[in-house]
Amino acid sequence: MTEVTTGTAVTTDTVLALLEAGPRSARDTALRTARDGRHKLAATLLSLWAAGGEKLTDDQTAELRLAQERVERYQQVWERLQEHAPDAFLLKGMTIAALYPPGILRSAGDLDVICPRHADLWACARHLAATGWELEAFTVGPARPGDTVSPHLGAEFRKPAPYPSQDPYAVGLFTAEIVTDVHGPARQLARPPRSPLAASTVALVAERWERPFRSRDLLDLVLLLRALDEQGLRQVRDDLGKAGLWPEWREAMRGIARLGWRPAVVLPHTRAAAVRARLLRSARTALRWSSPVRAAAFAAQSGIEGRGGRLAALASDLVHRRPGARRLLAAGVPLFGVPLDESRDAEPVERLRLDDVGRHLVARTPLGSFLLVSGAARQEWLDEAGGPASAPSSTSDTSEPPDTKHSSSVRTGA
């Protein structure tokens, strides 16, 4: 049974508590702390001051205006994407921002869009490419048993912000909600999502795999828990268990408790669930690293992550030559796409197709062709992969579970 308690409001006092700043703290000091990546609360604090009638400096007014324009720009982008992919839905971001009081901003770093089918992702990607967005990254990852799409795809786009001081705009298109673990398959949550708020709750908890919780994360979780209905809470419980996120959930709840807050709901029996999740995680990690194929691929991935040096380069060479990208995908290793130069008369494709070109695996997509690698790519590989396919092999592009005759090459239960 779920224990119902009290909620927390988005107020100036709430934000100052998150910043560990007293009500008499100097505004400049509080705002400087709010801008820090541990918080990301500057836009919220500025909008609270403005809503409360406090006079802002010219610089603060300009900062608030830029934050508002960024939010509005993302809202416009999302409206256009919905026209091209009505079944797509937002994760975190504006979904959480809608829970803030009217006129109070939640800063918008990027836009995460979940595309239930490959066709949804291609439709959104075509629109972005046609409207001046640049493709920054493309990934192909294995699916898990029971997922409704295989393989999982990710496409990340960027566009420069109008002012040099701003971060570029970024839109991520994904077929799975949790893609923070580059060493394993993405995690697809409940489909169809019974509650977008529930999906955002679980995805926010999953951020802990990539970084420590921000203070804003704790505020967001309190607001999400207050807004979830009973069906949404069931989805949260199911998806936390499916993703093995109970330890991270308990860490977030401890952080909220240290602030003296009581969230609107308290999920029961989480201690035992966290212990089971840790044991299962340890067993899976041991199994994952016991495979020489996966171990070498993970070493190669460190080259893409900007570390690893010579060892990563050697591992990348080794796994690309043998066993090769197709076997890596089958072993549960996500692959990264490197764009290939294509001739003007290259045959366009409407769906994903995986082609073996010599010893290379090439993804033919509506966005172009990509050499798939687990680590840094050599120029000679790109030159070789630019030739004609020697043994084409198709990958299912549908929201339905793929045929068993194809699934062995792209699915994994690891």
# chains A, B, ... in the order shown; residues from 1 in each chain; ligands from 1

$ select_by_dssp --residues "segment 44-293 of chain A" --states "alpha helix (DSSP H)" --output "ChimeraX atom specification"
/A:44-51,58-84,94-97,118-130,196-206,215-227,230-243,246-258,270-290,292-293

$ closest_atom_pairs --of "segment 117-170 of chain A" --to "segment 310-331 of chain A" --cutoff "10 Å" --atoms "only C-alpha atoms" --output "Markdown table"
| residue | atom | partner | partner_atom | distance |
| --- | --- | --- | --- | --- |
| A:Val140 | CA | A:Leu329 | CA | 8.3 |
| A:Gly141 | CA | A:Leu329 | CA | 6.8 |
| A:Pro142 | CA | A:Leu329 | CA | 6.0 |
| A:Ala143 | CA | A:Leu329 | CA | 9.5 |
| A:Pro151 | CA | A:Leu329 | CA | 9.1 |

$ select_by_dssp --residues "segment 59-246 of chain A" --states "strand (DSSP E or B)" --output "PDB file with all heavy atoms, in the first residue's frame"
ATOM      1  N   PHE A  89       6.357  11.058 -27.394  1.00  0.00           N
ATOM      2  CA  PHE A  89       6.058  11.773 -26.153  1.00  0.00           C
ATOM      3  C   PHE A  89       7.352  12.280 -25.528  1.00  0.00           C
ATOM      4  O   PHE A  89       8.443  11.765 -25.804  1.00  0.00           O
ATOM      5  CB  PHE A  89       5.273  10.896 -25.170  1.00  0.00           C
ATOM      6  CG  PHE A  89       5.974   9.620 -24.748  1.00  0.00           C
ATOM      7  CD1 PHE A  89       6.739   9.578 -23.587  1.00  0.00           C
ATOM      8  CD2 PHE A  89       5.838   8.458 -25.495  1.00  0.00           C
ATOM      9  CE1 PHE A  89       7.375   8.413 -23.190  1.00  0.00           C
ATOM     10  CE2 PHE A  89       6.470   7.272 -25.110  1.00  0.00           C
ATOM     11  CZ  PHE A  89       7.239   7.245 -23.949  1.00  0.00           C
ATOM     12  N   LEU A  90       7.197  13.307 -24.695  1.00  0.00           N
ATOM     13  CA  LEU A  90       8.350  13.938 -24.058  1.00  0.00           C
ATOM     14  C   LEU A  90       8.730  13.199 -22.787  1.00  0.00           C
ATOM     15  O   LEU A  90       7.885  12.644 -22.077  1.00  0.00           O
ATOM     16  CB  LEU A  90       8.036  15.391 -23.707  1.00  0.00           C
ATOM     17  CG  LEU A  90       7.944  16.380 -24.868  1.00  0.00           C
ATOM     18  CD1 LEU A  90       7.528  17.746 -24.334  1.00  0.00           C
ATOM     19  CD2 LEU A  90       9.269  16.482 -25.611  1.00  0.00           C
ATOM     20  N   LEU A  91      10.024  13.239 -22.497  1.00  0.00           N
ATOM     21  CA  LEU A  91      10.537  12.659 -21.271  1.00  0.00           C
ATOM     22  C   LEU A  91      11.191  13.775 -20.460  1.00  0.00           C
ATOM     23  O   LEU A  91      12.018  14.538 -21.003  1.00  0.00           O
ATOM     24  CB  LEU A  91      11.560  11.570 -21.597  1.00  0.00           C
ATOM     25  CG  LEU A  91      11.879  10.557 -20.504  1.00  0.00           C
ATOM     26  CD1 LEU A  91      10.637   9.709 -20.211  1.00  0.00           C
ATOM     27  CD2 LEU A  91      13.034   9.656 -20.941  1.00  0.00           C
ATOM     28  N   LEU A 111      15.824  18.712 -25.218  1.00  0.00           N
ATOM     29  CA  LEU A 111      14.488  18.142 -25.427  1.00  0.00           C
ATOM     30  C   LEU A 111      14.676  16.657 -25.705  1.00  0.00           C
ATOM     31  O   LEU A 111      15.334  16.276 -26.680  1.00  0.00           O
ATOM     32  CB  LEU A 111      13.815  18.825 -26.619  1.00  0.00           C
ATOM     33  CG  LEU A 111      12.295  18.693 -26.775  1.00  0.00           C
ATOM     34  CD1 LEU A 111      11.582  19.410 -25.632  1.00  0.00           C
ATOM     35  CD2 LEU A 111      11.864  19.276 -28.115  1.00  0.00           C
ATOM     36  N   ASP A 112      14.143  15.803 -24.833  1.00  0.00           N
ATOM     37  CA  ASP A 112      14.210  14.355 -25.010  1.00  0.00           C
ATOM     38  C   ASP A 112      12.861  13.858 -25.505  1.00  0.00           C
ATOM     39  O   ASP A 112      11.851  14.004 -24.816  1.00  0.00           O
ATOM     40  CB  ASP A 112      14.566  13.660 -23.695  1.00  0.00           C
ATOM     41  CG  ASP A 112      16.019  13.865 -23.308  1.00  0.00           C
ATOM     42  OD1 ASP A 112      16.835  14.150 -24.209  1.00  0.00           O
ATOM     43  OD2 ASP A 112      16.350  13.744 -22.119  1.00  0.00           O
ATOM     44  N   VAL A 113      12.861  13.254 -26.687  1.00  0.00           N
ATOM     45  CA  VAL A 113      11.633  12.785 -27.322  1.00  0.00           C
ATOM     46  C   VAL A 113      11.703  11.271 -27.473  1.00  0.00           C
ATOM     47  O   VAL A 113      12.664  10.743 -28.050  1.00  0.00           O
ATOM     48  CB  VAL A 113      11.439  13.440 -28.703  1.00  0.00           C
ATOM     49  CG1 VAL A 113      10.154  12.940 -29.358  1.00  0.00           C
ATOM     50  CG2 VAL A 113      11.432  14.964 -28.576  1.00  0.00           C
ATOM     51  N   ILE A 114      10.710  10.576 -26.951  1.00  0.00           N
ATOM     52  CA  ILE A 114      10.644   9.121 -27.076  1.00  0.00           C
ATOM     53  C   ILE A 114       9.757   8.770 -28.260  1.00  0.00           C
ATOM     54  O   ILE A 114       8.599   9.202 -28.336  1.00  0.00           O
ATOM     55  CB  ILE A 114      10.102   8.473 -25.787  1.00  0.00           C
ATOM     56  CG1 ILE A 114      10.959   8.900 -24.594  1.00  0.00           C
ATOM     57  CG2 ILE A 114      10.086   6.955 -25.926  1.00  0.00           C
ATOM     58  CD1 ILE A 114      12.430   8.589 -24.724  1.00  0.00           C
ATOM     59  N   GLU A 134      21.540  20.031 -37.002  1.00  0.00           N
ATOM     60  CA  GLU A 134      22.651  19.175 -37.413  1.00  0.00           C
ATOM     61  C   GLU A 134      22.665  17.899 -36.582  1.00  0.00           C
ATOM     62  O   GLU A 134      22.550  17.935 -35.355  1.00  0.00           O
ATOM     63  CB  GLU A 134      23.984  19.908 -37.235  1.00  0.00           C
ATOM     64  CG  GLU A 134      24.175  21.097 -38.165  1.00  0.00           C
ATOM     65  CD  GLU A 134      24.377  20.668 -39.615  1.00  0.00           C
ATOM     66  OE1 GLU A 134      24.860  19.537 -39.836  1.00  0.00           O
ATOM     67  OE2 GLU A 134      24.047  21.461 -40.511  1.00  0.00           O
ATOM     68  N   LEU A 135      22.804  16.760 -37.274  1.00  0.00           N
ATOM     69  CA  LEU A 135      22.891  15.484 -36.569  1.00  0.00           C
ATOM     70  C   LEU A 135      24.250  15.379 -35.890  1.00  0.00           C
ATOM     71  O   LEU A 135      25.283  15.446 -36.547  1.00  0.00           O
ATOM     72  CB  LEU A 135      22.687  14.329 -37.552  1.00  0.00           C
ATOM     73  CG  LEU A 135      22.762  12.925 -36.948  1.00  0.00           C
ATOM     74  CD1 LEU A 135      21.601  12.694 -35.979  1.00  0.00           C
ATOM     75  CD2 LEU A 135      22.739  11.866 -38.057  1.00  0.00           C
ATOM     76  N   GLU A 136      24.258  15.203 -34.570  1.00  0.00           N
ATOM     77  CA  GLU A 136      25.495  15.124 -33.796  1.00  0.00           C
ATOM     78  C   GLU A 136      25.890  13.697 -33.461  1.00  0.00           C
ATOM     79  O   GLU A 136      27.073  13.410 -33.318  1.00  0.00           O
ATOM     80  CB  GLU A 136      25.342  15.926 -32.499  1.00  0.00           C
ATOM     81  CG  GLU A 136      25.361  17.422 -32.690  1.00  0.00           C
ATOM     82  CD  GLU A 136      26.743  17.938 -33.051  1.00  0.00           C
ATOM     83  OE1 GLU A 136      27.741  17.467 -32.479  1.00  0.00           O
ATOM     84  OE2 GLU A 136      26.826  18.817 -33.939  1.00  0.00           O
ATOM     85  N   ALA A 137      24.918  12.827 -33.290  1.00  0.00           N
ATOM     86  CA  ALA A 137      25.229  11.457 -32.886  1.00  0.00           C
ATOM     87  C   ALA A 137      24.115  10.525 -33.333  1.00  0.00           C
ATOM     88  O   ALA A 137      22.937  10.897 -33.326  1.00  0.00           O
ATOM     89  CB  ALA A 137      25.411  11.376 -31.368  1.00  0.00           C
ATOM     90  N   PHE A 138      24.508   9.307 -33.718  1.00  0.00           N
ATOM     91  CA  PHE A 138      23.540   8.280 -34.109  1.00  0.00           C
ATOM     92  C   PHE A 138      24.002   6.963 -33.490  1.00  0.00           C
ATOM     93  O   PHE A 138      25.174   6.592 -33.599  1.00  0.00           O
ATOM     94  CB  PHE A 138      23.458   8.152 -35.625  1.00  0.00           C
ATOM     95  CG  PHE A 138      22.548   7.046 -36.091  1.00  0.00           C
ATOM     96  CD1 PHE A 138      21.174   7.145 -35.942  1.00  0.00           C
ATOM     97  CD2 PHE A 138      23.065   5.896 -36.664  1.00  0.00           C
ATOM     98  CE1 PHE A 138      20.334   6.123 -36.353  1.00  0.00           C
ATOM     99  CE2 PHE A 138      22.237   4.861 -37.086  1.00  0.00           C
ATOM    100  CZ  PHE A 138      20.864   4.979 -36.936  1.00  0.00           C
ATOM    101  N   THR A 139      23.100   6.262 -32.823  1.00  0.00           N
ATOM    102  CA  THR A 139      23.443   5.011 -32.167  1.00  0.00           C
ATOM    103  C   THR A 139      22.448   3.919 -32.528  1.00  0.00           C
ATOM    104  O   THR A 139      21.264   4.185 -32.763  1.00  0.00           O
ATOM    105  CB  THR A 139      23.466   5.169 -30.630  1.00  0.00           C
ATOM    106  OG1 THR A 139      22.200   5.679 -30.186  1.00  0.00           O
ATOM    107  CG2 THR A 139      24.560   6.124 -30.200  1.00  0.00           C
ATOM    108  N   VAL A 140      22.952   2.704 -32.545  1.00  0.00           N
ATOM    109  CA  VAL A 140      22.134   1.506 -32.754  1.00  0.00           C
ATOM    110  C   VAL A 140      22.437   0.568 -31.595  1.00  0.00           C
ATOM    111  O   VAL A 140      23.600   0.223 -31.353  1.00  0.00           O
ATOM    112  CB  VAL A 140      22.470   0.812 -34.089  1.00  0.00           C
ATOM    113  CG1 VAL A 140      21.648  -0.474 -34.242  1.00  0.00           C
ATOM    114  CG2 VAL A 140      22.201   1.750 -35.258  1.00  0.00           C
ATOM    115  N   GLY A 141      21.406   0.192 -30.858  1.00  0.00           N
ATOM    116  CA  GLY A 141      21.622  -0.640 -29.682  1.00  0.00           C
ATOM    117  C   GLY A 141      20.727  -1.853 -29.647  1.00  0.00           C
ATOM    118  O   GLY A 141      19.633  -1.853 -30.226  1.00  0.00           O
ATOM    119  N   ALA A 143      18.087  -4.637 -28.319  1.00  0.00           N
ATOM    120  CA  ALA A 143      16.855  -4.606 -27.525  1.00  0.00           C
ATOM    121  C   ALA A 143      16.869  -5.749 -26.529  1.00  0.00           C
ATOM    122  O   ALA A 143      17.669  -6.682 -26.618  1.00  0.00           O
ATOM    123  CB  ALA A 143      15.639  -4.703 -28.439  1.00  0.00           C
ATOM    124  N   HIS A 152      17.177  -0.789 -30.860  1.00  0.00           N
ATOM    125  CA  HIS A 152      16.894   0.556 -30.363  1.00  0.00           C
ATOM    126  C   HIS A 152      17.773   1.569 -31.088  1.00  0.00           C
ATOM    127  O   HIS A 152      18.935   1.288 -31.407  1.00  0.00           O
ATOM    128  CB  HIS A 152      17.115   0.642 -28.855  1.00  0.00           C
ATOM    129  CG  HIS A 152      15.989   0.069 -28.066  1.00  0.00           C
ATOM    130  ND1 HIS A 152      14.704   0.565 -28.152  1.00  0.00           N
ATOM    131  CD2 HIS A 152      15.942  -0.969 -27.179  1.00  0.00           C
ATOM    132  CE1 HIS A 152      13.909  -0.139 -27.344  1.00  0.00           C
ATOM    133  NE2 HIS A 152      14.633  -1.065 -26.757  1.00  0.00           N
ATOM    134  N   LEU A 153      17.212   2.751 -31.323  1.00  0.00           N
ATOM    135  CA  LEU A 153      17.918   3.789 -32.055  1.00  0.00           C
ATOM    136  C   LEU A 153      17.969   5.076 -31.237  1.00  0.00           C
ATOM    137  O   LEU A 153      17.086   5.335 -30.419  1.00  0.00           O
ATOM    138  CB  LEU A 153      17.224   4.089 -33.390  1.00  0.00           C
ATOM    139  CG  LEU A 153      17.040   2.926 -34.357  1.00  0.00           C
ATOM    140  CD1 LEU A 153      16.281   3.400 -35.592  1.00  0.00           C
ATOM    141  CD2 LEU A 153      18.378   2.317 -34.750  1.00  0.00           C
ATOM    142  N   GLY A 154      19.000   5.858 -31.501  1.00  0.00           N
ATOM    143  CA  GLY A 154      19.107   7.187 -30.917  1.00  0.00           C
ATOM    144  C   GLY A 154      19.686   8.151 -31.930  1.00  0.00           C
ATOM    145  O   GLY A 154      20.616   7.796 -32.665  1.00  0.00           O
ATOM    146  N   ALA A 155      19.125   9.330 -32.022  1.00  0.00           N
ATOM    147  CA  ALA A 155      19.632  10.361 -32.925  1.00  0.00           C
ATOM    148  C   ALA A 155      19.591  11.685 -32.179  1.00  0.00           C
ATOM    149  O   ALA A 155      18.536  12.098 -31.696  1.00  0.00           O
ATOM    150  CB  ALA A 155      18.801  10.441 -34.199  1.00  0.00           C
ATOM    151  N   GLU A 156      20.741  12.334 -32.072  1.00  0.00           N
ATOM    152  CA  GLU A 156      20.832  13.586 -31.326  1.00  0.00           C
ATOM    153  C   GLU A 156      21.181  14.725 -32.276  1.00  0.00           C
ATOM    154  O   GLU A 156      22.136  14.632 -33.047  1.00  0.00           O
ATOM    155  CB  GLU A 156      21.865  13.451 -30.213  1.00  0.00           C
ATOM    156  CG  GLU A 156      21.510  12.348 -29.214  1.00  0.00           C
ATOM    157  CD  GLU A 156      22.536  12.177 -28.124  1.00  0.00           C
ATOM    158  OE1 GLU A 156      22.838  13.191 -27.457  1.00  0.00           O
ATOM    159  OE2 GLU A 156      23.034  11.048 -27.943  1.00  0.00           O
ATOM    160  N   PHE A 157      20.389  15.776 -32.205  1.00  0.00           N
ATOM    161  CA  PHE A 157      20.532  16.927 -33.090  1.00  0.00           C
ATOM    162  C   PHE A 157      20.872  18.176 -32.270  1.00  0.00           C
ATOM    163  O   PHE A 157      20.471  18.302 -31.112  1.00  0.00           O
ATOM    164  CB  PHE A 157      19.233  17.184 -33.854  1.00  0.00           C
ATOM    165  CG  PHE A 157      18.923  16.157 -34.899  1.00  0.00           C
ATOM    166  CD1 PHE A 157      18.320  14.951 -34.550  1.00  0.00           C
ATOM    167  CD2 PHE A 157      19.214  16.392 -36.232  1.00  0.00           C
ATOM    168  CE1 PHE A 157      18.021  14.002 -35.529  1.00  0.00           C
ATOM    169  CE2 PHE A 157      18.917  15.459 -37.210  1.00  0.00           C
ATOM    170  CZ  PHE A 157      18.323  14.263 -36.855  1.00  0.00           C
ATOM    171  N   ARG A 158      21.589  19.097 -32.915  1.00  0.00           N
ATOM    172  CA  ARG A 158      21.915  20.369 -32.278  1.00  0.00           C
ATOM    173  C   ARG A 158      21.724  21.515 -33.258  1.00  0.00           C
ATOM    174  O   ARG A 158      21.791  21.336 -34.471  1.00  0.00           O
ATOM    175  CB  ARG A 158      23.361  20.371 -31.759  1.00  0.00           C
ATOM    176  CG  ARG A 158      23.568  19.473 -30.553  1.00  0.00           C
ATOM    177  CD  ARG A 158      24.842  19.797 -29.832  1.00  0.00           C
ATOM    178  NE  ARG A 158      24.988  18.990 -28.636  1.00  0.00           N
ATOM    179  CZ  ARG A 158      25.923  19.170 -27.721  1.00  0.00           C
ATOM    180  NH1 ARG A 158      26.800  20.156 -27.874  1.00  0.00           N
ATOM    181  NH2 ARG A 158      25.986  18.387 -26.659  1.00  0.00           N
ATOM    182  N   LYS A 159      21.500  22.688 -32.672  1.00  0.00           N
ATOM    183  CA  LYS A 159      21.409  23.920 -33.453  1.00  0.00           C
ATOM    184  C   LYS A 159      21.984  25.039 -32.591  1.00  0.00           C
ATOM    185  O   LYS A 159      21.686  25.116 -31.389  1.00  0.00           O
ATOM    186  CB  LYS A 159      19.956  24.228 -33.822  1.00  0.00           C
ATOM    187  CG  LYS A 159      19.784  25.549 -34.570  1.00  0.00           C
ATOM    188  CD  LYS A 159      18.324  25.824 -34.881  1.00  0.00           C
ATOM    189  CE  LYS A 159      17.865  25.107 -36.132  1.00  0.00           C
ATOM    190  NZ  LYS A 159      16.526  25.585 -36.603  1.00  0.00           N
ATOM    191  N   TYR A 169      21.058  24.588 -28.709  1.00  0.00           N
ATOM    192  CA  TYR A 169      19.831  23.817 -28.552  1.00  0.00           C
ATOM    193  C   TYR A 169      20.129  22.357 -28.895  1.00  0.00           C
ATOM    194  O   TYR A 169      20.933  22.071 -29.784  1.00  0.00           O
ATOM    195  CB  TYR A 169      18.737  24.357 -29.470  1.00  0.00           C
ATOM    196  CG  TYR A 169      18.199  25.709 -29.074  1.00  0.00           C
ATOM    197  CD1 TYR A 169      18.569  26.864 -29.758  1.00  0.00           C
ATOM    198  CD2 TYR A 169      17.316  25.823 -28.006  1.00  0.00           C
ATOM    199  CE1 TYR A 169      18.067  28.113 -29.388  1.00  0.00           C
ATOM    200  CE2 TYR A 169      16.815  27.060 -27.633  1.00  0.00           C
ATOM    201  CZ  TYR A 169      17.194  28.197 -28.327  1.00  0.00           C
ATOM    202  OH  TYR A 169      16.703  29.419 -27.944  1.00  0.00           O
ATOM    203  N   ALA A 170      19.474  21.450 -28.197  1.00  0.00           N
ATOM    204  CA  ALA A 170      19.717  20.021 -28.418  1.00  0.00           C
ATOM    205  C   ALA A 170      18.404  19.258 -28.339  1.00  0.00           C
ATOM    206  O   ALA A 170      17.597  19.491 -27.428  1.00  0.00           O
ATOM    207  CB  ALA A 170      20.703  19.472 -27.389  1.00  0.00           C
ATOM    208  N   VAL A 171      18.195  18.353 -29.293  1.00  0.00           N
ATOM    209  CA  VAL A 171      17.022  17.483 -29.310  1.00  0.00           C
ATOM    210  C   VAL A 171      17.502  16.048 -29.459  1.00  0.00           C
ATOM    211  O   VAL A 171      18.252  15.728 -30.387  1.00  0.00           O
ATOM    212  CB  VAL A 171      16.059  17.829 -30.460  1.00  0.00           C
ATOM    213  CG1 VAL A 171      14.894  16.835 -30.492  1.00  0.00           C
ATOM    214  CG2 VAL A 171      15.536  19.250 -30.324  1.00  0.00           C
ATOM    215  N   GLY A 172      17.080  15.190 -28.547  1.00  0.00           N
ATOM    216  CA  GLY A 172      17.410  13.774 -28.623  1.00  0.00           C
ATOM    217  C   GLY A 172      16.177  12.959 -28.963  1.00  0.00           C
ATOM    218  O   GLY A 172      15.129  13.116 -28.332  1.00  0.00           O
ATOM    219  N   LEU A 173      16.308  12.116 -29.980  1.00  0.00           N
ATOM    220  CA  LEU A 173      15.234  11.213 -30.378  1.00  0.00           C
ATOM    221  C   LEU A 173      15.662   9.793 -30.010  1.00  0.00           C
ATOM    222  O   LEU A 173      16.720   9.330 -30.438  1.00  0.00           O
ATOM    223  CB  LEU A 173      14.988  11.295 -31.890  1.00  0.00           C
ATOM    224  CG  LEU A 173      14.784  12.695 -32.483  1.00  0.00           C
ATOM    225  CD1 LEU A 173      14.682  12.603 -34.006  1.00  0.00           C
ATOM    226  CD2 LEU A 173      13.539  13.355 -31.900  1.00  0.00           C
ATOM    227  N   PHE A 174      14.830   9.093 -29.233  1.00  0.00           N
ATOM    228  CA  PHE A 174      15.205   7.764 -28.757  1.00  0.00           C
ATOM    229  C   PHE A 174      14.003   6.831 -28.821  1.00  0.00           C
ATOM    230  O   PHE A 174      12.862   7.268 -28.668  1.00  0.00           O
ATOM    231  CB  PHE A 174      15.709   7.829 -27.308  1.00  0.00           C
ATOM    232  CG  PHE A 174      16.831   8.802 -27.093  1.00  0.00           C
ATOM    233  CD1 PHE A 174      16.577  10.063 -26.573  1.00  0.00           C
ATOM    234  CD2 PHE A 174      18.131   8.468 -27.420  1.00  0.00           C
ATOM    235  CE1 PHE A 174      17.599  10.979 -26.370  1.00  0.00           C
ATOM    236  CE2 PHE A 174      19.170   9.376 -27.235  1.00  0.00           C
ATOM    237  CZ  PHE A 174      18.904  10.630 -26.710  1.00  0.00           C
ATOM    238  N   ILE A 178      15.527   4.850 -21.193  1.00  0.00           N
ATOM    239  CA  ILE A 178      16.741   4.900 -20.387  1.00  0.00           C
ATOM    240  C   ILE A 178      17.925   4.461 -21.243  1.00  0.00           C
ATOM    241  O   ILE A 178      18.039   3.293 -21.624  1.00  0.00           O
ATOM    242  CB  ILE A 178      16.616   4.010 -19.139  1.00  0.00           C
ATOM    243  CG1 ILE A 178      15.429   4.477 -18.282  1.00  0.00           C
ATOM    244  CG2 ILE A 178      17.906   4.038 -18.327  1.00  0.00           C
ATOM    245  CD1 ILE A 178      15.184   3.624 -17.056  1.00  0.00           C
ATOM    246  N   ARG A 187      16.971   0.588 -21.952  1.00  0.00           N
ATOM    247  CA  ARG A 187      15.834   0.035 -21.202  1.00  0.00           C
ATOM    248  C   ARG A 187      14.553   0.733 -21.630  1.00  0.00           C
ATOM    249  O   ARG A 187      14.400   1.940 -21.460  1.00  0.00           O
ATOM    250  CB  ARG A 187      16.055   0.191 -19.694  1.00  0.00           C
ATOM    251  CG  ARG A 187      17.229  -0.615 -19.188  1.00  0.00           C
ATOM    252  CD  ARG A 187      17.413  -0.467 -17.697  1.00  0.00           C
ATOM    253  NE  ARG A 187      18.574  -1.199 -17.232  1.00  0.00           N
ATOM    254  CZ  ARG A 187      18.573  -2.480 -16.880  1.00  0.00           C
ATOM    255  NH1 ARG A 187      17.435  -3.167 -16.941  1.00  0.00           N
ATOM    256  NH2 ARG A 187      19.675  -3.077 -16.484  1.00  0.00           N
TER     257      ARG A 187
END

$ residues_around --residues "segment 31-38 of chain A" --least-positions-apart "3" --cutoff "7 Å" --atoms "only C-alpha atoms" --output "PyMOL selection string"
chain A and resi 19+27-28+41-42+214-215

$ atom_distance --atom1 "atom CA of Leu382 of chain A" --atom2 "atom CA of Phe298 of chain A"
21.3 Å

$ atom_distance --atom1 "atom CA of Ala125 of chain A" --atom2 "atom CA of Glu79 of chain A"
14.2 Å

$ residues_around --residues "Leu105 of chain A" --least-positions-apart "3" --cutoff "8 Å" --atoms "only C-alpha atoms" --output "ChimeraX atom specification"
/A:43-44,47,67-68,97,100

$ write_last_selection --atoms "N, CA and C atoms" --output "CSV table (one decimal), in the first residue's frame"
chain,number,residue,atom,x,y,z
A,43,ALA,N,17.1,29.9,-13.4
A,43,ALA,CA,15.9,30.4,-14.1
A,43,ALA,C,14.7,30.4,-13.1
A,44,THR,N,14.6,29.3,-12.3
A,44,THR,CA,13.5,29.2,-11.4
A,44,THR,C,13.6,30.3,-10.3
A,47,SER,N,12.7,33.8,-11.9
A,47,SER,CA,11.3,33.9,-12.1
A,47,SER,C,10.5,34.0,-10.8
A,67,ALA,N,16.2,32.7,-20.8
A,67,ALA,CA,15.7,31.4,-20.3
A,67,ALA,C,14.3,31.2,-20.8
A,68,GLN,N,13.5,32.3,-20.8
A,68,GLN,CA,12.1,32.2,-21.2
A,68,GLN,C,12.1,31.9,-22.7
A,97,ALA,N,8.2,20.6,-16.2
A,97,ALA,CA,8.0,22.0,-16.1
A,97,ALA,C,6.6,22.4,-16.0
A,100,TYR,N,5.3,23.1,-12.5
A,100,TYR,CA,5.7,24.3,-11.8
A,100,TYR,C,4.6,25.3,-11.9

$ closest_residue --among "A:Arg211, A:Arg216, A:Arg144, A:Arg106" --to "Gly255 of chain A" --atoms "only C-alpha atoms"
A:Arg216

$ atom_distance --atom1 "atom CA of Gly332 of chain A" --atom2 "atom CA of Pro192 of chain A"
24.1 Å

$ closest_residue --among "A:Pro145, A:Pro193, A:Pro366, A:Gly93" --to "Arg351 of chain A" --atoms "only C-alpha atoms"
A:Pro366

$ closest_residue --among "A:Val205, A:Val266, A:Ala26, A:Leu280" --to "Glu251 of chain A" --atoms "only C-alpha atoms"
A:Val205

$ closest_residue --among "A:Thr365, A:Ser107, A:Thr29, A:Ser374" --to "Phe336 of chain A" --atoms "only C-alpha atoms"
A:Ser374

$ closest_residue --among "A:Ala51, A:Leu371, A:Ala123, A:Ala130" --to "Asp341 of chain A" --atoms "only C-alpha atoms"
A:Leu371

$ residues_around --residues "Val222 of chain A" --least-positions-apart "5" --cutoff "12 Å" --atoms "only C-alpha atoms" --output "ChimeraX atom specification"
/A:5-10,14,96,99-100,197,201,204-205,215-217,227-228,252-253,255-257,259,261-266
